[in-house]
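Okay, structure first, notes after.
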Amino acid sequence: MEVVGAVSGAESVDAVVVGSGPNGLTAAAVLADAGWDVLVLEAADEPGGAVRTAELTEPGFRHDLFSAFHPLGAASPPLRALELERHGLRWRHAPQVLAHVLPDDRVAVLSRDPERTADSLDGFARGDGHRWQALHRQFREIRDDLLQALLTPFPPVRAGTRLLRSLGVGGALRSARTLTMPARRFVDEMFDGEGAKLLIAGNAQHTDLGPDQSASAVFGWLLCMLGQDIGFPVPEGGAGSLAAALVRRVESAGGQVRCSQRVERVLVEHGAAVGVRTAGGATVRAKVVLADVPAPTLLLDLVGAEHLPPTVVRDLRRFQWDDATLKVDWALRGPIPWRNRDAAGAGTVHLGVDLNGLATATNDLRCGRVPEHPFLLMGQMTTADPTRSPAGTETAWAYTHLPHDQDWTAEELVRVADRVEAVVERHAPGFKDLVVGRFVAGPPHLESVNPSLVGGSINQGTSGIHQQLVFRPTPGLGRADTVVPGLFLAGASAHPGGGVHGAAGANAARAALASRSWYGPAYRAGVRAALRAITS
């Protein structure tokens with residue numbers, strides 16, 4: 001998308017948003033709907049953050065640069081409220097949602113058809129299909145309130161109260177227990193066969209949590225239930241279509257989005273944020289600043305430690321990133337020739353290891369080692385959306401986790417990519433012969449294209465329970481408000497964390513609106529007092 005104007009000299013708006021990822025654009029839309037004059041500044045030459053699409057390999061093959069499947073995006077109350085379908089967004093689905101390919105080529109299938117999922121899971125252990133359907137029915141009963149509770153500022157008073165009424169005290173306590181559980185313990189209590197267990201444990205690996213880590217159960221369960229309920233949809237034409245719809249939504253409400261405008265400083269006067277300065281030396285004055293960038297980048301680099309309490313500086317320097325990522329994109333002259341054809345119709349494919357293999361790979365990562373047997377998350381994009389490549393071909397990708405905070409040479413990354421390709425070849429003989437183009441994106445490349453992916457981390461911080469809720473990004477209120485008045489954290493390192501759901505942006509926008517409302521003085525005083533007590 002072209003740059004809409006440029007920042008020159010000094011100008012003034014109600015709100016400036018730093019970064020045009022889904023969270024930043026959602027924040028801008030919410031503020032613009034409230035009648036605010038909103039300006040979004042993006043460092044890259046196109047908007048979208050980690051939701052972008054390009055022809056990386058061969059002409060006609062459209063690859064999502066980062067995020068690809070969006071179950072949270074399709075279900076998210078903040079994004080649904082924006083009615084992006086009116087601005088050109090169209091969701092597409094693969095015939096099946098997800099397939100987990102075991103090392104022996106058995107396949108567990110997650111389908112939007114409950115009977116299809118049940119039949120697949122019963123093939124591993126009779127009765128697991130019935131148990132899965134019961135779990136899904138329970139999810140459906142609380143889905144709307146649960147999503148509202150998970151994606152709104154902590155504590156979720158209204159949605160939480162409704163959940164308590166629905167679940168009862170005992171049910172609420174059991175649900176709270178589930179929130180803390182490792183995926184392995186959860187699935188061992190629920191199922192007998194490997195199929196259902198691997199669907200949940202494998203989906204937990206969309207975070208950086210292995211099957212034996214606390215809170216991995218809830219991430220795997222939530223993605224599986226959303227997949228059963230609404231699928232893992234993709235935007236027609238590429239993930240960038242979602243970003244484009246968000247930009248049009250912002251502009252339709254009167255907001256502006258300007259690209260190639262890197263913010264190098266948040267301006268702080270008398271202890272409060274009053275605007276930003278760009279790399280070109282221009283300034284934008286604003287009543288509030290919202291930032292869709294990682295918390296350490298925002299507070300330590302753009303604001304500066306001199307404006308922060310020492311406790312906050314220490315906490316930010318202890319901030320834990322999630323795993324690094326290596327992603328391989330392929331242009332294929334034909335569909336992937338899976339040995340087990342149950343994997344052929346799935347948009348998302350998990351493969352490489354079983355449940356113990358997930359645990360071993362996670363342990364390798366924690367020990368700073370590249371897993372000998374990596375777990376792969378794979379996308380068959382043309383299977384999900386035929387517009388992604390010419391008829392009869394396939395656009396595909398796979399990514400795997402790497403240890404964070406390591407220096408990677410191009411040769412090392414190519415060796416890992418070759419290992420990834422070998423895993424696919426083992427389960428789909430002839431795969432390599434179909435490759436007409438390949439693109440390897442390791443941690444250095446990912447960060448160079450999107451600086452918010454620090455060291456190749458895609459979720460702006462670990463999903464570990466010690467850095468969630470009131471501990472995200474540091475011990476605080478679980479809200480978008482920062483220790484700098486007028487500055488709001490609108491990115492994935494704020495609660496509720498990673499994923500394309502726009503919730504962090506919407507929460508930041510609502511906090512900014514509250515701070516400038518008729519009760520704004522009381523709101524600001526209350527937040528300052530609470531943060532002062534926490535950070536003193």
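By order in the structure tokens, chains are A, B, ...; within a chain, residues start at 1; ligands start at 1, following the order shown.
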
With a cut-off of 12 Å, could you pull out the residues of range 315-340 of chain A touching range 105-125 of chain A and give me the nearest pair of atoms for each, distance in Å to one decimal, using only C-alpha atoms, ordered by chain and ascending number, as JSON lines?
```
{"residue": "A:Trp338", "atom": "CA", "partner": "A:Asp105", "partner_atom": "CA", "distance": 9.0}
{"residue": "A:Arg339", "atom": "CA", "partner": "A:Asp105", "partner_atom": "CA", "distance": 7.2}
{"residue": "A:Asn340", "atom": "CA", "partner": "A:Asp105", "partner_atom": "CA", "distance": 6.2}
```

**OP:** Just the residues within 9 Å of range 33-41 of chain A, please, counting only C-alpha atoms, with nothing from its chain fewer than 2 positions along; format it as a list of chain:residue names.
**Re:**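 Using only C-alpha atoms, the neighbours found are A:Val13, A:Asp14, A:Ala15, A:Val16, A:Val17, A:Val18, A:Gly19, A:Ser20, A:Gly24, A:Leu25, A:Ala28, A:Ala29, A:Val30, A:Leu31, A:Ala43, A:Val250, A:Ala253, A:Gly254, A:Gly255, A:Gln256, A:Val257, A:Arg258, A:Cys259, A:Ser260, A:Gln261, A:Arg262, A:Val263, A:Thr278, A:Leu513.
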
Report, in Å to a single decimal, how far apart CA of Glu194 in chain A and CA of Leu150 in chain A are.
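Distance reported for this atom pair: 28.5 Å.
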
Practice problem: For Pro473 in chain A, please output as a ChimeraX atom specification all residues within 10 Å (counting only C-alpha atoms; exclusion window: fewer than 4 positions along the same chain). | Solution: /A:294-296,315-316,319-320,460-462,466-469,477-480,489,492-497

Which one of A:Leu167, A:Val424, A:Ala331, A:Val247 sits closest to Thr382 in chain A if you count only C-alpha atoms?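 Checking each candidate against Thr382 in chain A, we get A:Ala331 as the closest.
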
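The shell of residues at most 7 Å from Thr283 in chain A, with only C-alpha atoms counted and near chain neighbours (fewer than 5 positions) removed, consists of Gly9, Ala10, Glu11, Val276, Arg277 and Thr278 of chain A.
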
Note to self: DSSP on the backbone: which residues in range 133-317 of chain A end up as alpha helix (DSSP H)? Give the answer as a ChimeraX atom specification.
What the structure shows: /A:133-151,157-180,183-190,194-204,216-230,240-252,295-296,310-317

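For Arg524 in chain A, the list of residues within 9 Å, based on only C-alpha atoms and with local chain neighbours fewer than 5 positions off taken out, reads Pro485, Ala514, Ser515, Arg516, Tyr519 and Ala529 of chain A.
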
Residue selection dump (all heavy atoms) as a compact mmCIF listing (two decimals), in the first residue's frame:
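The file below, selection_28.txt, is the result:
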```txt
# COMPACT_ATOMS: atom_id res chain seq x y z
N PRO A 485 2.10 8.07 31.91
CA PRO A 485 0.74 8.51 31.60
C PRO A 485 0.60 8.92 30.14
O PRO A 485 1.49 9.55 29.56
CB PRO A 485 0.54 9.71 32.53
CG PRO A 485 1.46 9.45 33.69
CD PRO A 485 2.66 8.79 33.08
N ALA A 514 -11.02 5.78 28.08
CA ALA A 514 -11.37 5.98 29.48
C ALA A 514 -10.55 7.09 30.11
O ALA A 514 -11.06 7.90 30.90
CB ALA A 514 -11.19 4.67 30.25
N SER A 515 -9.26 7.16 29.74
CA SER A 515 -8.39 8.17 30.34
C SER A 515 -8.77 9.58 29.94
O SER A 515 -8.37 10.55 30.60
CB SER A 515 -6.94 7.90 29.94
OG SER A 515 -6.69 8.27 28.59
N ARG A 516 -9.53 9.72 28.85
CA ARG A 516 -9.93 11.05 28.36
C ARG A 516 -11.44 11.26 28.44
O ARG A 516 -11.96 12.21 27.85
CB ARG A 516 -9.47 11.22 26.91
CG ARG A 516 -7.96 11.31 26.77
CD ARG A 516 -7.45 12.63 27.27
NE ARG A 516 -6.00 12.67 27.40
CZ ARG A 516 -5.32 13.78 27.65
NH1 ARG A 516 -5.95 14.93 27.81
NH2 ARG A 516 -4.01 13.73 27.78
N TYR A 519 -14.88 10.76 33.26
CA TYR A 519 -14.30 10.28 34.52
C TYR A 519 -12.79 10.07 34.39
O TYR A 519 -12.17 9.44 35.25
CB TYR A 519 -14.98 8.98 34.96
CG TYR A 519 -14.90 7.83 33.96
CD1 TYR A 519 -13.83 6.95 33.96
CD2 TYR A 519 -15.91 7.63 33.03
CE1 TYR A 519 -13.75 5.90 33.05
CE2 TYR A 519 -15.85 6.59 32.12
CZ TYR A 519 -14.77 5.72 32.13
OH TYR A 519 -14.70 4.70 31.23
N ALA A 529 -1.96 5.49 40.94
CA ALA A 529 -1.79 5.01 42.32
C ALA A 529 -1.50 3.51 42.34
O ALA A 529 -0.62 3.04 43.08
CB ALA A 529 -3.02 5.34 43.15
```

Within 9 Å of range 301-314 of chain A: each range 457-522 of chain A residue with its shortest pair, only C-alpha atoms, as a tab-separated table:
```
residue	atom	partner	partner_atom	distance
A:Thr474	CA	A:Val312	CA	7.6
A:Pro475	CA	A:Val312	CA	8.7
A:Val483	CA	A:Leu308	CA	7.1
A:Val484	CA	A:Leu308	CA	7.5
```

Next, write the just-selected residues to a file, as a PDB file, in the first residue's frame, keeping all heavy atoms as the atom set.
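File out_15.pdb, as written:
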```
ATOM      1  N   THR A 474       5.128  -7.359  32.375  1.00  0.00           N
ATOM      2  CA  THR A 474       5.825  -7.396  33.655  1.00  0.00           C
ATOM      3  C   THR A 474       4.756  -7.354  34.740  1.00  0.00           C
ATOM      4  O   THR A 474       3.589  -7.052  34.453  1.00  0.00           O
ATOM      5  CB  THR A 474       6.764  -6.181  33.815  1.00  0.00           C
ATOM      6  OG1 THR A 474       5.987  -4.967  33.753  1.00  0.00           O
ATOM      7  CG2 THR A 474       7.828  -6.152  32.729  1.00  0.00           C
ATOM      8  N   PRO A 475       5.087  -7.652  35.997  1.00  0.00           N
ATOM      9  CA  PRO A 475       4.074  -7.564  37.052  1.00  0.00           C
ATOM     10  C   PRO A 475       3.389  -6.202  37.056  1.00  0.00           C
ATOM     11  O   PRO A 475       4.048  -5.161  37.110  1.00  0.00           O
ATOM     12  CB  PRO A 475       4.887  -7.799  38.328  1.00  0.00           C
ATOM     13  CG  PRO A 475       6.013  -8.670  37.874  1.00  0.00           C
ATOM     14  CD  PRO A 475       6.367  -8.179  36.504  1.00  0.00           C
ATOM     15  N   VAL A 483       3.443   2.816  32.879  1.00  0.00           N
ATOM     16  CA  VAL A 483       3.855   3.719  33.949  1.00  0.00           C
ATOM     17  C   VAL A 483       4.060   5.137  33.433  1.00  0.00           C
ATOM     18  O   VAL A 483       4.262   6.057  34.240  1.00  0.00           O
ATOM     19  CB  VAL A 483       5.158   3.220  34.615  1.00  0.00           C
ATOM     20  CG1 VAL A 483       4.913   1.929  35.366  1.00  0.00           C
ATOM     21  CG2 VAL A 483       6.267   3.057  33.579  1.00  0.00           C
ATOM     22  N   VAL A 484       4.012   5.331  32.146  1.00  0.00           N
ATOM     23  CA  VAL A 484       4.098   6.677  31.560  1.00  0.00           C
ATOM     24  C   VAL A 484       2.681   7.113  31.208  1.00  0.00           C
ATOM     25  O   VAL A 484       2.075   6.561  30.283  1.00  0.00           O
ATOM     26  CB  VAL A 484       4.989   6.688  30.307  1.00  0.00           C
ATOM     27  CG1 VAL A 484       5.063   8.093  29.704  1.00  0.00           C
ATOM     28  CG2 VAL A 484       6.381   6.168  30.629  1.00  0.00           C
TER      29      VAL A 484
END
```

(message) Taking 2 positions as the minimum chain separation for residues in the same chain, which residues sit within 9 Å of Leu56 in chain A when counting only C-alpha atoms? Answer as a list of chain:residue names.
(response)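 So the residues in contact are A:Thr53, A:Ala54, A:Glu58, A:Pro59, A:Phe61, A:Arg62, A:His63, A:Asp64, A:Leu65, A:Asp329, A:Trp330, A:Ala331, A:Gly437, A:Arg438, A:Phe439.
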
Create the file for the chosen residues now, containing N, CA and C atoms and written as a PDB file, in the first residue's frame.
```pdb
ATOM      1  N   THR A  53       1.519 -10.647   2.901  1.00  0.00           N
ATOM      2  CA  THR A  53       1.617 -11.666   1.856  1.00  0.00           C
ATOM      3  C   THR A  53       2.477 -11.145   0.711  1.00  0.00           C
ATOM      4  N   ALA A  54       3.278 -12.035   0.115  1.00  0.00           N
ATOM      5  CA  ALA A  54       4.125 -11.641  -1.016  1.00  0.00           C
ATOM      6  C   ALA A  54       4.456 -12.871  -1.854  1.00  0.00           C
ATOM      7  N   GLU A  58       8.106 -17.972  -6.649  1.00  0.00           N
ATOM      8  CA  GLU A  58       7.843 -17.938  -8.080  1.00  0.00           C
ATOM      9  C   GLU A  58       6.634 -17.050  -8.357  1.00  0.00           C
ATOM     10  N   PRO A  59       6.573 -16.431  -9.534  1.00  0.00           N
ATOM     11  CA  PRO A  59       5.399 -15.622  -9.876  1.00  0.00           C
ATOM     12  C   PRO A  59       4.117 -16.451  -9.777  1.00  0.00           C
ATOM     13  N   PHE A  61       2.719 -17.519  -7.031  1.00  0.00           N
ATOM     14  CA  PHE A  61       2.652 -18.243  -5.755  1.00  0.00           C
ATOM     15  C   PHE A  61       2.684 -17.210  -4.624  1.00  0.00           C
ATOM     16  N   ARG A  62       1.553 -17.070  -3.927  1.00  0.00           N
ATOM     17  CA  ARG A  62       1.423 -16.067  -2.874  1.00  0.00           C
ATOM     18  C   ARG A  62       1.675 -16.726  -1.518  1.00  0.00           C
ATOM     19  N   HIS A  63       2.656 -16.191  -0.813  1.00  0.00           N
ATOM     20  CA  HIS A  63       3.076 -16.751   0.473  1.00  0.00           C
ATOM     21  C   HIS A  63       2.760 -15.764   1.596  1.00  0.00           C
ATOM     22  N   ASP A  64       2.214 -16.260   2.680  1.00  0.00           N
ATOM     23  CA  ASP A  64       2.063 -15.440   3.883  1.00  0.00           C
ATOM     24  C   ASP A  64       3.421 -15.344   4.560  1.00  0.00           C
ATOM     25  N   LEU A  65       3.879 -14.117   4.795  1.00  0.00           N
ATOM     26  CA  LEU A  65       5.225 -13.938   5.338  1.00  0.00           C
ATOM     27  C   LEU A  65       5.336 -14.433   6.772  1.00  0.00           C
ATOM     28  N   ASP A 329       9.236 -21.665   3.004  1.00  0.00           N
ATOM     29  CA  ASP A 329       8.132 -21.550   2.052  1.00  0.00           C
ATOM     30  C   ASP A 329       8.493 -22.300   0.782  1.00  0.00           C
ATOM     31  N   TRP A 330       7.490 -22.993   0.203  1.00  0.00           N
ATOM     32  CA  TRP A 330       7.719 -23.729  -1.028  1.00  0.00           C
ATOM     33  C   TRP A 330       6.678 -23.359  -2.079  1.00  0.00           C
ATOM     34  N   ALA A 331       7.114 -23.303  -3.303  1.00  0.00           N
ATOM     35  CA  ALA A 331       6.219 -23.346  -4.459  1.00  0.00           C
ATOM     36  C   ALA A 331       6.318 -24.756  -5.022  1.00  0.00           C
ATOM     37  N   GLY A 437      10.411 -23.832  -6.108  1.00  0.00           N
ATOM     38  CA  GLY A 437      10.966 -22.646  -5.465  1.00  0.00           C
ATOM     39  C   GLY A 437      10.942 -22.811  -3.967  1.00  0.00           C
ATOM     40  N   ARG A 438      11.981 -22.324  -3.283  1.00  0.00           N
ATOM     41  CA  ARG A 438      12.056 -22.426  -1.832  1.00  0.00           C
ATOM     42  C   ARG A 438      12.612 -21.136  -1.269  1.00  0.00           C
ATOM     43  N   PHE A 439      12.057 -20.722  -0.124  1.00  0.00           N
ATOM     44  CA  PHE A 439      12.551 -19.524   0.561  1.00  0.00           C
ATOM     45  C   PHE A 439      12.699 -19.849   2.035  1.00  0.00           C
TER      46      PHE A 439
END
```
